[in-house]
$ cat run-v6.pdb   # PDB, C-alpha atoms
ATOM      1  CA  MET R   9       0.000   0.000   0.000  1.00  0.00           C
ATOM      2  CA  ILE R  10       1.312   3.423  -0.946  1.00  0.00           C
ATOM      3  CA  ARG R  11       1.365   5.859   1.982  1.00  0.00           C
ATOM      4  CA  ALA R  12       3.731   8.582   0.721  1.00  0.00           C
ATOM      5  CA  MET R  13       4.389  10.294  -2.601  1.00  0.00           C
ATOM      6  CA  ILE R  14       7.782  11.895  -3.184  1.00  0.00           C
ATOM      7  CA  PHE R  15       8.332  14.166  -6.160  1.00  0.00           C
ATOM      8  CA  ASP R  16      11.459  15.168  -7.991  1.00  0.00           C
ATOM      9  CA  PHE R  17      11.163  18.856  -8.838  1.00  0.00           C
ATOM     10  CA  ASN R  18      12.856  20.019 -12.039  1.00  0.00           C
ATOM     11  CA  GLY R  19      11.194  18.332 -14.993  1.00  0.00           C
ATOM     12  CA  VAL R  20       8.426  16.870 -12.811  1.00  0.00           C
ATOM     13  CA  ILE R  21       6.792  19.828 -11.062  1.00  0.00           C
ATOM     14  CA  ALA R  22       8.554  22.828 -12.640  1.00  0.00           C
ATOM     15  CA  ASP R  23       9.118  23.058 -16.393  1.00  0.00           C
ATOM     16  CA  ASP R  24      12.567  24.592 -16.049  1.00  0.00           C
ATOM     17  CA  GLU R  25      15.186  22.129 -17.298  1.00  0.00           C
ATOM     18  CA  THR R  26      16.143  24.298 -20.293  1.00  0.00           C
ATOM     19  CA  PRO R  27      16.957  27.500 -18.356  1.00  0.00           C
ATOM     20  CA  HIS R  28      18.801  25.446 -15.726  1.00  0.00           C
ATOM     21  CA  LEU R  29      20.982  23.955 -18.461  1.00  0.00           C
ATOM     22  CA  ARG R  30      21.698  27.297 -20.138  1.00  0.00           C
ATOM     23  CA  CYS R  31      22.685  28.974 -16.873  1.00  0.00           C
ATOM     24  CA  PHE R  32      24.845  26.004 -15.905  1.00  0.00           C
ATOM     25  CA  GLN R  33      26.557  26.027 -19.299  1.00  0.00           C
ATOM     26  CA  GLN R  34      27.427  29.709 -18.915  1.00  0.00           C
ATOM     27  CA  ALA R  35      28.779  29.231 -15.383  1.00  0.00           C
ATOM     28  CA  LEU R  36      30.923  26.317 -16.551  1.00  0.00           C
ATOM     29  CA  SER R  37      32.203  28.188 -19.610  1.00  0.00           C
ATOM     30  CA  GLU R  38      33.460  31.028 -17.415  1.00  0.00           C
ATOM     31  CA  HIS R  39      35.774  28.470 -15.817  1.00  0.00           C
ATOM     32  CA  GLY R  40      36.896  26.874 -19.069  1.00  0.00           C
ATOM     33  CA  LEU R  41      34.515  23.931 -18.945  1.00  0.00           C
ATOM     34  CA  SER R  42      31.906  22.871 -21.471  1.00  0.00           C
ATOM     35  CA  LEU R  43      28.749  20.803 -21.340  1.00  0.00           C
ATOM     36  CA  THR R  44      26.713  20.154 -24.462  1.00  0.00           C
ATOM     37  CA  LYS R  45      22.977  19.619 -24.472  1.00  0.00           C
ATOM     38  CA  GLU R  46      23.579  16.057 -25.666  1.00  0.00           C
ATOM     39  CA  GLU R  47      25.989  15.346 -22.800  1.00  0.00           C
ATOM     40  CA  TYR R  48      23.634  16.856 -20.263  1.00  0.00           C
ATOM     41  CA  TYR R  49      20.604  14.866 -21.363  1.00  0.00           C
ATOM     42  CA  GLY R  50      22.590  11.757 -22.195  1.00  0.00           C
ATOM     43  CA  THR R  51      24.714  11.481 -19.081  1.00  0.00           C
ATOM     44  CA  TYR R  52      24.161  14.060 -16.378  1.00  0.00           C
ATOM     45  CA  LEU R  53      20.447  14.845 -16.142  1.00  0.00           C
ATOM     46  CA  GLY R  54      19.061  13.856 -12.782  1.00  0.00           C
ATOM     47  CA  MET R  55      22.359  14.395 -11.021  1.00  0.00           C
ATOM     48  CA  ASP R  56      22.592  17.492  -8.895  1.00  0.00           C
ATOM     49  CA  GLU R  57      24.778  20.244 -10.362  1.00  0.00           C
ATOM     50  CA  ARG R  58      27.436  19.829  -7.674  1.00  0.00           C
ATOM     51  CA  THR R  59      27.935  16.189  -8.660  1.00  0.00           C
ATOM     52  CA  CYS R  60      27.944  17.032 -12.368  1.00  0.00           C
ATOM     53  CA  ALA R  61      30.421  19.905 -11.976  1.00  0.00           C
ATOM     54  CA  THR R  62      32.659  17.763  -9.761  1.00  0.00           C
ATOM     55  CA  LEU R  63      32.846  15.116 -12.484  1.00  0.00           C
ATOM     56  CA  LEU R  64      33.611  17.702 -15.176  1.00  0.00           C
ATOM     57  CA  ILE R  65      36.344  19.397 -13.132  1.00  0.00           C
ATOM     58  CA  THR R  66      37.881  16.067 -12.165  1.00  0.00           C
ATOM     59  CA  ALA R  67      37.864  14.836 -15.770  1.00  0.00           C
ATOM     60  CA  ARG R  68      39.826  17.931 -16.796  1.00  0.00           C
ATOM     61  CA  ASP R  69      42.152  18.395 -13.815  1.00  0.00           C
ATOM     62  CA  HIS R  70      42.293  14.862 -12.326  1.00  0.00           C
ATOM     63  CA  THR R  71      41.136  16.389  -9.054  1.00  0.00           C
ATOM     64  CA  CYS R  72      38.350  18.717  -7.980  1.00  0.00           C
ATOM     65  CA  ASP R  73      39.356  22.155  -6.721  1.00  0.00           C
ATOM     66  CA  ARG R  74      36.658  23.004  -4.157  1.00  0.00           C
ATOM     67  CA  ILE R  75      37.149  26.732  -4.674  1.00  0.00           C
ATOM     68  CA  VAL R  76      36.451  26.374  -8.394  1.00  0.00           C
ATOM     69  CA  LEU R  77      33.473  24.123  -7.667  1.00  0.00           C
ATOM     70  CA  SER R  78      32.003  26.627  -5.224  1.00  0.00           C
ATOM     71  CA  ALA R  79      32.518  29.489  -7.680  1.00  0.00           C
ATOM     72  CA  ILE R  80      30.697  27.597 -10.440  1.00  0.00           C
ATOM     73  CA  MET R  81      27.800  26.741  -8.139  1.00  0.00           C
ATOM     74  CA  ASP R  82      27.458  30.315  -6.898  1.00  0.00           C
ATOM     75  CA  ARG R  83      27.662  31.761 -10.408  1.00  0.00           C
ATOM     76  CA  LYS R  84      25.049  29.359 -11.751  1.00  0.00           C
ATOM     77  CA  ALA R  85      22.705  30.191  -8.867  1.00  0.00           C
ATOM     78  CA  THR R  86      23.126  33.917  -9.581  1.00  0.00           C
ATOM     79  CA  LEU R  87      22.430  33.471 -13.295  1.00  0.00           C
ATOM     80  CA  PHE R  88      19.336  31.384 -12.617  1.00  0.00           C
ATOM     81  CA  ARG R  89      18.102  33.871 -10.003  1.00  0.00           C
ATOM     82  CA  GLU R  90      18.446  36.701 -12.522  1.00  0.00           C
ATOM     83  CA  TYR R  91      16.643  34.695 -15.200  1.00  0.00           C
ATOM     84  CA  THR R  92      13.725  33.646 -13.016  1.00  0.00           C
ATOM     85  CA  ALA R  93      13.271  37.186 -11.703  1.00  0.00           C
ATOM     86  CA  ILE R  94      11.983  37.940 -15.208  1.00  0.00           C
ATOM     87  CA  HIS R  95      10.801  34.497 -16.362  1.00  0.00           C
ATOM     88  CA  LYS R  96       9.145  32.571 -13.524  1.00  0.00           C
ATOM     89  CA  PRO R  97       9.220  28.835 -14.333  1.00  0.00           C
ATOM     90  CA  ALA R  98       5.820  27.371 -15.144  1.00  0.00           C
ATOM     91  CA  LEU R  99       4.457  24.321 -13.390  1.00  0.00           C
ATOM     92  CA  PHE R 100       3.625  21.409 -15.658  1.00  0.00           C
ATOM     93  CA  PRO R 101      -0.053  20.991 -16.579  1.00  0.00           C
ATOM     94  CA  GLY R 102      -1.882  18.741 -14.132  1.00  0.00           C
ATOM     95  CA  VAL R 103       0.690  19.085 -11.344  1.00  0.00           C
ATOM     96  CA  VAL R 104      -1.390  21.388  -9.123  1.00  0.00           C
ATOM     97  CA  GLU R 105      -4.434  19.131  -9.348  1.00  0.00           C
ATOM     98  CA  PHE R 106      -2.436  15.917  -8.806  1.00  0.00           C
ATOM     99  CA  VAL R 107      -0.479  17.222  -5.807  1.00  0.00           C
ATOM    100  CA  THR R 108      -3.562  18.781  -4.236  1.00  0.00           C
ATOM    101  CA  ARG R 109      -5.443  15.494  -4.527  1.00  0.00           C
ATOM    102  CA  ALA R 110      -2.470  13.538  -3.176  1.00  0.00           C
ATOM    103  CA  THR R 111      -2.306  15.603   0.019  1.00  0.00           C
ATOM    104  CA  THR R 112      -5.708  14.298   1.120  1.00  0.00           C
ATOM    105  CA  ASP R 113      -4.582  10.653   1.341  1.00  0.00           C
ATOM    106  CA  PHE R 114      -0.785  10.567   1.339  1.00  0.00           C
ATOM    107  CA  LEU R 115       2.257  12.161   2.894  1.00  0.00           C
ATOM    108  CA  VAL R 116       3.714  14.379   0.164  1.00  0.00           C
ATOM    109  CA  ALA R 117       7.344  15.466  -0.183  1.00  0.00           C
ATOM    110  CA  ILE R 118       9.929  16.798  -2.629  1.00  0.00           C
ATOM    111  CA  ALA R 119      13.392  15.255  -3.081  1.00  0.00           C
ATOM    112  CA  SER R 120      15.345  17.315  -5.594  1.00  0.00           C
ATOM    113  CA  GLY R 121      18.906  17.823  -6.743  1.00  0.00           C
ATOM    114  CA  GLY R 122      18.070  21.511  -7.152  1.00  0.00           C
ATOM    115  CA  ARG R 123      18.754  24.236  -4.631  1.00  0.00           C
ATOM    116  CA  ARG R 124      16.151  25.032  -1.976  1.00  0.00           C
ATOM    117  CA  GLU R 125      16.081  28.699  -2.940  1.00  0.00           C
ATOM    118  CA  GLN R 126      15.082  27.789  -6.497  1.00  0.00           C
ATOM    119  CA  ILE R 127      12.398  25.343  -5.369  1.00  0.00           C
ATOM    120  CA  ASP R 128      10.891  27.869  -2.964  1.00  0.00           C
ATOM    121  CA  GLU R 129      10.849  30.584  -5.607  1.00  0.00           C
ATOM    122  CA  ALA R 130       9.180  28.344  -8.209  1.00  0.00           C
ATOM    123  CA  LEU R 131       6.477  27.302  -5.717  1.00  0.00           C
ATOM    124  CA  HIS R 132       5.918  30.800  -4.314  1.00  0.00           C
ATOM    125  CA  GLY R 133       2.431  32.074  -5.037  1.00  0.00           C
ATOM    126  CA  THR R 134       1.222  28.774  -6.512  1.00  0.00           C
ATOM    127  CA  PRO R 135      -1.702  26.760  -5.088  1.00  0.00           C
ATOM    128  CA  ILE R 136       0.717  24.038  -3.917  1.00  0.00           C
ATOM    129  CA  GLU R 137       3.215  26.293  -2.152  1.00  0.00           C
ATOM    130  CA  GLN R 138       2.304  24.811   1.250  1.00  0.00           C
ATOM    131  CA  SER R 139       1.411  21.296   0.101  1.00  0.00           C
ATOM    132  CA  PHE R 140       4.654  19.482   0.845  1.00  0.00           C
ATOM    133  CA  ALA R 141       5.285  18.097   4.305  1.00  0.00           C
ATOM    134  CA  ILE R 142       9.006  17.851   3.567  1.00  0.00           C
ATOM    135  CA  ILE R 143      11.256  19.480   0.947  1.00  0.00           C
ATOM    136  CA  VAL R 144      14.746  18.042   0.574  1.00  0.00           C
ATOM    137  CA  SER R 145      17.156  19.759  -1.804  1.00  0.00           C
ATOM    138  CA  ALA R 146      20.817  19.544  -2.805  1.00  0.00           C
ATOM    139  CA  ASP R 147      21.510  21.854   0.136  1.00  0.00           C
ATOM    140  CA  ASP R 148      20.382  19.083   2.518  1.00  0.00           C
ATOM    141  CA  CYS R 149      22.141  16.076   1.028  1.00  0.00           C
ATOM    142  CA  ALA R 150      25.828  15.926   0.176  1.00  0.00           C
ATOM    143  CA  ILE R 151      25.469  13.021  -2.269  1.00  0.00           C
ATOM    144  CA  GLY R 152      23.368  13.428  -5.402  1.00  0.00           C
ATOM    145  CA  LYS R 153      21.334  11.045  -7.515  1.00  0.00           C
ATOM    146  CA  PRO R 154      21.714   8.258  -8.672  1.00  0.00           C
ATOM    147  CA  ASP R 155      22.917   7.525  -5.129  1.00  0.00           C
ATOM    148  CA  PRO R 156      19.867   6.687  -2.953  1.00  0.00           C
ATOM    149  CA  ALA R 157      20.908   9.038  -0.122  1.00  0.00           C
ATOM    150  CA  ILE R 158      18.422  11.801  -0.923  1.00  0.00           C
ATOM    151  CA  TYR R 159      15.427   9.449  -0.940  1.00  0.00           C
ATOM    152  CA  ARG R 160      16.538   7.702   2.240  1.00  0.00           C
ATOM    153  CA  HIS R 161      16.955  11.092   3.915  1.00  0.00           C
ATOM    154  CA  THR R 162      13.520  12.239   2.749  1.00  0.00           C
ATOM    155  CA  LEU R 163      11.890   9.118   4.179  1.00  0.00           C
ATOM    156  CA  LYS R 164      13.735   9.618   7.465  1.00  0.00           C
ATOM    157  CA  LEU R 165      12.369  13.168   7.717  1.00  0.00           C
ATOM    158  CA  LEU R 166       8.841  12.047   6.856  1.00  0.00           C
ATOM    159  CA  ASN R 167       8.991   9.490   9.628  1.00  0.00           C
ATOM    160  CA  ALA R 168      10.324  12.052  12.102  1.00  0.00           C
ATOM    161  CA  GLN R 169       7.283  14.326  11.835  1.00  0.00           C
ATOM    162  CA  GLU R 170       5.130  14.983  14.885  1.00  0.00           C
ATOM    163  CA  PRO R 171       2.690  13.505  15.636  1.00  0.00           C
ATOM    164  CA  ARG R 172       4.391  10.429  14.306  1.00  0.00           C
ATOM    165  CA  PRO R 173       2.265   8.058  12.232  1.00  0.00           C
ATOM    166  CA  PRO R 174       3.204   4.389  11.999  1.00  0.00           C
ATOM    167  CA  LEU R 175       6.581   4.418  10.289  1.00  0.00           C
ATOM    168  CA  VAL R 176       6.407   4.538   6.500  1.00  0.00           C
ATOM    169  CA  ARG R 177       8.510   1.865   4.815  1.00  0.00           C
ATOM    170  CA  ALA R 178      10.477   2.502   1.643  1.00  0.00           C
ATOM    171  CA  GLY R 179       8.226   0.135  -0.310  1.00  0.00           C
ATOM    172  CA  GLU R 180       5.217   2.255   0.675  1.00  0.00           C
ATOM    173  CA  CYS R 181       6.625   5.302  -1.144  1.00  0.00           C
ATOM    174  CA  LEU R 182       5.772   6.203  -4.732  1.00  0.00           C
ATOM    175  CA  VAL R 183       8.435   8.431  -6.286  1.00  0.00           C
ATOM    176  CA  VAL R 184       7.663  10.581  -9.348  1.00  0.00           C
ATOM    177  CA  GLU R 185      10.756  11.094 -11.501  1.00  0.00           C
ATOM    178  CA  ASP R 186      11.739  12.149 -15.020  1.00  0.00           C
ATOM    179  CA  SER R 187      15.332  10.898 -15.346  1.00  0.00           C
ATOM    180  CA  LEU R 188      17.223   7.624 -15.269  1.00  0.00           C
ATOM    181  CA  ALA R 189      19.475   8.838 -12.446  1.00  0.00           C
ATOM    182  CA  GLY R 190      16.380   9.690 -10.408  1.00  0.00           C
ATOM    183  CA  ILE R 191      14.754   6.336 -11.123  1.00  0.00           C
ATOM    184  CA  GLN R 192      17.908   4.498 -10.075  1.00  0.00           C
ATOM    185  CA  SER R 193      18.204   6.614  -6.918  1.00  0.00           C
ATOM    186  CA  ALA R 194      14.649   5.881  -5.784  1.00  0.00           C
ATOM    187  CA  GLN R 195      14.795   2.197  -6.630  1.00  0.00           C
ATOM    188  CA  ALA R 196      18.110   1.778  -4.803  1.00  0.00           C
ATOM    189  CA  ALA R 197      16.307   3.222  -1.768  1.00  0.00           C
ATOM    190  CA  GLY R 198      13.696   0.460  -2.131  1.00  0.00           C
ATOM    191  CA  MET R 199      10.916   2.723  -3.437  1.00  0.00           C
ATOM    192  CA  ILE R 200       8.403   2.356  -6.282  1.00  0.00           C
ATOM    193  CA  VAL R 201       8.838   4.718  -9.238  1.00  0.00           C
ATOM    194  CA  LEU R 202       6.429   6.434 -11.601  1.00  0.00           C
ATOM    195  CA  ALA R 203       8.381   8.001 -14.470  1.00  0.00           C
ATOM    196  CA  LEU R 204       7.106  10.923 -16.540  1.00  0.00           C
ATOM    197  CA  SER R 205       8.336  11.311 -20.113  1.00  0.00           C
ATOM    198  CA  THR R 206       8.420  15.105 -19.772  1.00  0.00           C
ATOM    199  CA  THR R 207      12.181  15.200 -20.386  1.00  0.00           C
ATOM    200  CA  TYR R 208      13.175  11.836 -21.853  1.00  0.00           C
ATOM    201  CA  PRO R 209      11.192   9.627 -24.250  1.00  0.00           C
ATOM    202  CA  ALA R 210       9.404   6.749 -22.572  1.00  0.00           C
ATOM    203  CA  GLU R 211      11.766   4.161 -24.048  1.00  0.00           C
ATOM    204  CA  LYS R 212      14.621   5.696 -22.022  1.00  0.00           C
ATOM    205  CA  LEU R 213      12.719   5.243 -18.755  1.00  0.00           C
ATOM    206  CA  GLY R 214      12.053   1.514 -18.891  1.00  0.00           C
ATOM    207  CA  GLU R 215      13.596   0.811 -15.471  1.00  0.00           C
ATOM    208  CA  ALA R 216      10.652   2.580 -13.780  1.00  0.00           C
ATOM    209  CA  ASP R 217       7.716   0.623 -12.385  1.00  0.00           C
ATOM    210  CA  HIS R 218       5.269   2.638 -14.504  1.00  0.00           C
ATOM    211  CA  ILE R 219       5.566   5.375 -17.145  1.00  0.00           C
ATOM    212  CA  LEU R 220       3.169   8.183 -18.090  1.00  0.00           C
ATOM    213  CA  PRO R 221       3.567  11.112 -20.487  1.00  0.00           C
ATOM    214  CA  SER R 222       2.580  13.626 -17.787  1.00  0.00           C
ATOM    215  CA  LEU R 223       0.277  14.154 -14.807  1.00  0.00           C
ATOM    216  CA  GLU R 224      -2.272  16.084 -16.835  1.00  0.00           C
ATOM    217  CA  GLY R 225      -5.751  14.631 -16.325  1.00  0.00           C
ATOM    218  CA  ILE R 226      -4.354  12.036 -13.901  1.00  0.00           C
ATOM    219  CA  THR R 227      -5.235  11.445 -10.257  1.00  0.00           C
ATOM    220  CA  PRO R 228      -3.220   9.490  -7.670  1.00  0.00           C
ATOM    221  CA  GLU R 229      -5.988   6.903  -7.567  1.00  0.00           C
ATOM    222  CA  THR R 230      -5.891   6.278 -11.320  1.00  0.00           C
ATOM    223  CA  VAL R 231      -2.100   5.948 -11.229  1.00  0.00           C
ATOM    224  CA  LEU R 232      -2.190   3.358  -8.464  1.00  0.00           C
ATOM    225  CA  ARG R 233      -4.988   1.403 -10.155  1.00  0.00           C
ATOM    226  CA  ALA R 234      -3.085   1.393 -13.443  1.00  0.00           C
ATOM    227  CA  MET R 235       0.109   0.280 -11.775  1.00  0.00           C
ATOM    228  CA  ALA R 236      -1.670  -2.551  -9.983  1.00  0.00           C
ATOM    229  CA  ALA R 237      -3.403  -3.690 -13.173  1.00  0.00           C
ATOM    230  CA  ASN R 238      -0.643  -3.306 -15.748  1.00  0.00           C
ATOM    231  CA  ARG R 239       2.601  -4.207 -14.058  1.00  0.00           C
ATOM    232  CA  PRO R 240       3.513  -7.802 -13.202  1.00  0.00           C
ATOM    233  CA  PRO R 241       4.707  -8.384  -9.652  1.00  0.00           C
ATOM    234  CA  LYS R 242       8.374  -7.593  -9.142  1.00  0.00           C
ATOM    235  CA  PRO R 243      10.735  -9.345  -6.736  1.00  0.00           C
ATOM    236  CA  HIS R 244      10.514  -7.886  -3.245  1.00  0.00           C
ATOM    237  CA  ARG R 245      13.025  -5.094  -2.667  1.00  0.00           C
ATOM    238  CA  PRO R 246      14.321  -5.331   0.892  1.00  0.00           C
ATOM    239  CA  ASN R 247      14.009  -2.138   2.885  1.00  0.00           C
ATOM    240  CA  PRO R 248      17.600  -0.814   2.970  1.00  0.00           C
ATOM    241  CA  SER R 249      19.021  -0.003   6.351  1.00  0.00           C
ATOM    242  CA  ARG R 250      19.169   3.694   6.985  1.00  0.00           C
TER     243      ARG R 250
END
$ encode --input "run-v6.pdb" --output "structure tokens"
Amino acid sequence: MIRAMIFDFNGVIADDETPHLRCFQQALSEHGLSLTKEEYYGTYLGMDERTCATLLITARDHTCDRIVLSAIMDRKATLFREYTAIHKPALFPGVVEFVTRATTDFLVAIASGGRREQIDEALHGTPIEQSFAIIVSADDCAIGKPDPAIYRHTLKLLNAQEPRPPLVRAGECLVVEDSLAGIQSAQAAGMIVLALSTTYPAEKLGEADHILPSLEGITPETVLRAMAANRPPKPHRPNPSR
């Protein structure tokens, strides 16, 4: 039985992957690094920017200079802040309705490789600004996706809420993701994954437990019914120790 729904943010709730990439590319270029659109979508999407930049710096220099890494992260955040001050990211169609419906029956959280400032700004003034019991960002978790740390940490925080409900197990969490790294992260944490083909084509998301084009016109109940009806049983994933 599903008791909690955990959402990735960029590419799932906010339609902002393109401006994130462009700002990141500019910040990297100012430090002599490059990242093509094909590399980003083929290899790095779903990782947090810190992890991605660390890999790029290390590939060039054989080590990661933390001062350079920090400068890239700060510059990218500034560029994105300036962009979104003029162009507020839109939420994907159907997201407000789906999340609002989910809050009536499930614990609802965000687990994102994005920065908390950017998540808060994108949600500000929307009908779901206060809908999430927990928001976990790259600022809260030192290890990015596809490592399961962010989903394990999110579950720990959900279970620490007062008053405490019966503890939610990893297998009782439905994660909504749009990238392979995110799918692998959630599944390594022992969770069930609904993938949305908002960023990648469906054929690239086959590791997920279920795939939909978007949340438009969808309710949590219809998703769970479809998953129960259309997916064969999978081997039990043991609840990883946390």
$ closest_residue --input "run-v6.pdb" --among "R:Leu175, R:Ile142, R:Met13, R:Ile191" --to "Val231 (chain R)" --atoms "all atoms listed in the file"
R:Met13
$ resolve_selection --input "run-v6.pdb" --expression "the PyMOL selection byres ((chain R and resi 115) around 6)" --output "ChimeraX atom specification"
/R:12,114,116
$ closest_residue --input "run-v6.pdb" --among "R:Pro173, R:Ile80, R:Gly50, R:Arg11" --to "Ser37 (chain R)" --atoms "only C-alpha atoms"
R:Ile80
$ residues_around --input "run-v6.pdb" --residues "Tyr48 (chain R)" --least-positions-apart "4" --cutoff "12 Å" --atoms "all atoms listed in the file" --output "ChimeraX atom specification"
/R:25-26,28-30,32-33,42-44,52-57,60-61,64,187,189,207-208
$ residues_around --input "run-v6.pdb" --residues "Ile219 (chain R)" --least-positions-apart "5" --cutoff "6 Å" --atoms "all atoms listed in the file" --output "ChimeraX atom specification"
/R:202-204
$ residues_around --input "run-v6.pdb" --residues "Ala146 (chain R)" --least-positions-apart "3" --cutoff "8 Å" --atoms "only C-alpha atoms" --output "list in words"
Asp56, Ser120, Gly121, Gly122, Arg123, Arg124, Cys149, Ala150 and Gly152 of chain R
$ residues_near_point --input "run-v6.pdb" --point "(8.2, 25.2, -2.5)" --cutoff "8 Å" --atoms "all atoms listed in the file" --output "JSON, numbers by chain"
{"R": [124, 127, 128, 129, 130, 131, 132, 136, 137, 138, 140, 143]}
$ resolve_selection --input "run-v6.pdb" --expression "the PyMOL selection byres ((chain R and resi 184) around 7)" --output "VMD selection string"
chain R and resid 14 to 16 182 to 183 185 201 to 203
$ residues_around --input "run-v6.pdb" --residues "Ile10 (chain R)" --least-positions-apart "3" --cutoff "10 Å" --atoms "all atoms listed in the file" --output "list in words"
Met13, Asp113, Phe114, Leu115, Val176, Arg177, Ala178, Gly179, Glu180, Cys181, Leu182, Met199, Ile200 and Leu232 of chain R
$ residues_around --input "run-v6.pdb" --residues "Ile65 (chain R)" --least-positions-apart "5" --cutoff "9 Å" --atoms "only C-alpha atoms" --output "PDB file with C-alpha atoms, keeping the file's coordinate frame"
ATOM      1  CA  LEU R  41      34.515  23.931 -18.945  1.00  0.00           C
ATOM      2  CA  CYS R  60      27.944  17.032 -12.368  1.00  0.00           C
ATOM      3  CA  HIS R  70      42.293  14.862 -12.326  1.00  0.00           C
ATOM      4  CA  THR R  71      41.136  16.389  -9.054  1.00  0.00           C
ATOM      5  CA  CYS R  72      38.350  18.717  -7.980  1.00  0.00           C
ATOM      6  CA  ASP R  73      39.356  22.155  -6.721  1.00  0.00           C
ATOM      7  CA  VAL R  76      36.451  26.374  -8.394  1.00  0.00           C
ATOM      8  CA  LEU R  77      33.473  24.123  -7.667  1.00  0.00           C
TER       9      LEU R  77
END
$ atom_distance --input "run-v6.pdb" --atom1 "CA of Lys96 (chain R)" --atom2 "CA of Pro228 (chain R)"
26.8 Å
$ atom_distance --input "run-v6.pdb" --atom1 "CA of Glu125 (chain R)" --atom2 "CA of Pro97 (chain R)"
13.3 Å
$ closest_residue --input "run-v6.pdb" --among "R:Thr162, R:Ala157, R:Gly19, R:Met9" --to "Leu99 (chain R)" --atoms "all atoms listed in the file"
R:Gly19
$ closest_residue --input "run-v6.pdb" --among "R:Ala141, R:Leu223, R:Leu188, R:Ala119" --to "Thr51 (chain R)" --atoms "all atoms listed in the file"
R:Leu188
$ closest_residue --input "run-v6.pdb" --among "R:Phe106, R:Gly40, R:Pro171, R:Pro156" --to "Ser222 (chain R)" --atoms "only C-alpha atoms"
R:Phe106
$ atom_distance --input "run-v6.pdb" --atom1 "CA of Ser205 (chain R)" --atom2 "CA of Ser145 (chain R)"
22.0 Å
$ closest_residue --input "run-v6.pdb" --among "R:Ser78, R:Asn238, R:Thr92, R:Gln169" --to "His39 (chain R)" --atoms "only C-alpha atoms"
R:Ser78
$ axis_aligned_box --input "run-v6.pdb" --around "region 93-109 of chain R" --padding-each-side "5 Å" --output "lines of an AutoDock Vina configuration file"
center_x = 3.9
center_y = 26.7
center_z = -10.4
size_x = 28.7
size_y = 32.4
size_z = 22.3
$ decode --input "run-v6.pdb" --residues "region 127-142 of chain R" --atoms "N, CA and C atoms" --output "PDB file, in the first residue's frame"
ATOM      1  N   ILE R 127      13.662  26.047  -5.570  1.00  0.00           N
ATOM      2  CA  ILE R 127      12.398  25.343  -5.369  1.00  0.00           C
ATOM      3  C   ILE R 127      11.376  26.273  -4.727  1.00  0.00           C
ATOM      4  N   ASP R 128      11.801  26.961  -3.664  1.00  0.00           N
ATOM      5  CA  ASP R 128      10.891  27.869  -2.964  1.00  0.00           C
ATOM      6  C   ASP R 128      10.374  28.961  -3.887  1.00  0.00           C
ATOM      7  N   GLU R 129      11.250  29.503  -4.716  1.00  0.00           N
ATOM      8  CA  GLU R 129      10.849  30.584  -5.607  1.00  0.00           C
ATOM      9  C   GLU R 129       9.854  30.088  -6.660  1.00  0.00           C
ATOM     10  N   ALA R 130      10.090  28.885  -7.192  1.00  0.00           N
ATOM     11  CA  ALA R 130       9.180  28.344  -8.209  1.00  0.00           C
ATOM     12  C   ALA R 130       7.802  28.042  -7.623  1.00  0.00           C
ATOM     13  N   LEU R 131       7.757  27.628  -6.354  1.00  0.00           N
ATOM     14  CA  LEU R 131       6.477  27.302  -5.717  1.00  0.00           C
ATOM     15  C   LEU R 131       5.757  28.530  -5.174  1.00  0.00           C
ATOM     16  N   HIS R 132       6.497  29.614  -4.953  1.00  0.00           N
ATOM     17  CA  HIS R 132       5.918  30.800  -4.314  1.00  0.00           C
ATOM     18  C   HIS R 132       4.721  31.340  -5.104  1.00  0.00           C
ATOM     19  N   GLY R 133       3.623  31.523  -4.413  1.00  0.00           N
ATOM     20  CA  GLY R 133       2.431  32.074  -5.037  1.00  0.00           C
ATOM     21  C   GLY R 133       1.589  31.076  -5.798  1.00  0.00           C
ATOM     22  N   THR R 134       2.016  29.793  -5.818  1.00  0.00           N
ATOM     23  CA  THR R 134       1.222  28.774  -6.512  1.00  0.00           C
ATOM     24  C   THR R 134       0.272  28.109  -5.518  1.00  0.00           C
ATOM     25  N   PRO R 135      -0.761  27.425  -6.005  1.00  0.00           N
ATOM     26  CA  PRO R 135      -1.702  26.760  -5.088  1.00  0.00           C
ATOM     27  C   PRO R 135      -1.085  25.631  -4.272  1.00  0.00           C
ATOM     28  N   ILE R 136       0.106  25.156  -4.648  1.00  0.00           N
ATOM     29  CA  ILE R 136       0.717  24.038  -3.917  1.00  0.00           C
ATOM     30  C   ILE R 136       1.941  24.492  -3.116  1.00  0.00           C
ATOM     31  N   GLU R 137       2.057  25.774  -2.877  1.00  0.00           N
ATOM     32  CA  GLU R 137       3.215  26.293  -2.152  1.00  0.00           C
ATOM     33  C   GLU R 137       3.374  25.642  -0.785  1.00  0.00           C
ATOM     34  N   GLN R 138       2.265  25.368  -0.100  1.00  0.00           N
ATOM     35  CA  GLN R 138       2.304  24.811   1.250  1.00  0.00           C
ATOM     36  C   GLN R 138       1.917  23.330   1.290  1.00  0.00           C
ATOM     37  N   SER R 139       1.934  22.665   0.161  1.00  0.00           N
ATOM     38  CA  SER R 139       1.411  21.296   0.101  1.00  0.00           C
ATOM     39  C   SER R 139       2.379  20.226   0.575  1.00  0.00           C
ATOM     40  N   PHE R 140       3.658  20.530   0.614  1.00  0.00           N
ATOM     41  CA  PHE R 140       4.654  19.482   0.845  1.00  0.00           C
ATOM     42  C   PHE R 140       5.082  19.439   2.301  1.00  0.00           C
ATOM     43  N   ALA R 141       4.909  18.266   2.904  1.00  0.00           N
ATOM     44  CA  ALA R 141       5.285  18.097   4.305  1.00  0.00           C
ATOM     45  C   ALA R 141       6.789  18.253   4.491  1.00  0.00           C
ATOM     46  N   ILE R 142       7.546  17.813   3.515  1.00  0.00           N
ATOM     47  CA  ILE R 142       9.006  17.851   3.567  1.00  0.00           C
ATOM     48  C   ILE R 142       9.525  18.280   2.195  1.00  0.00           C
TER      49      ILE R 142
END
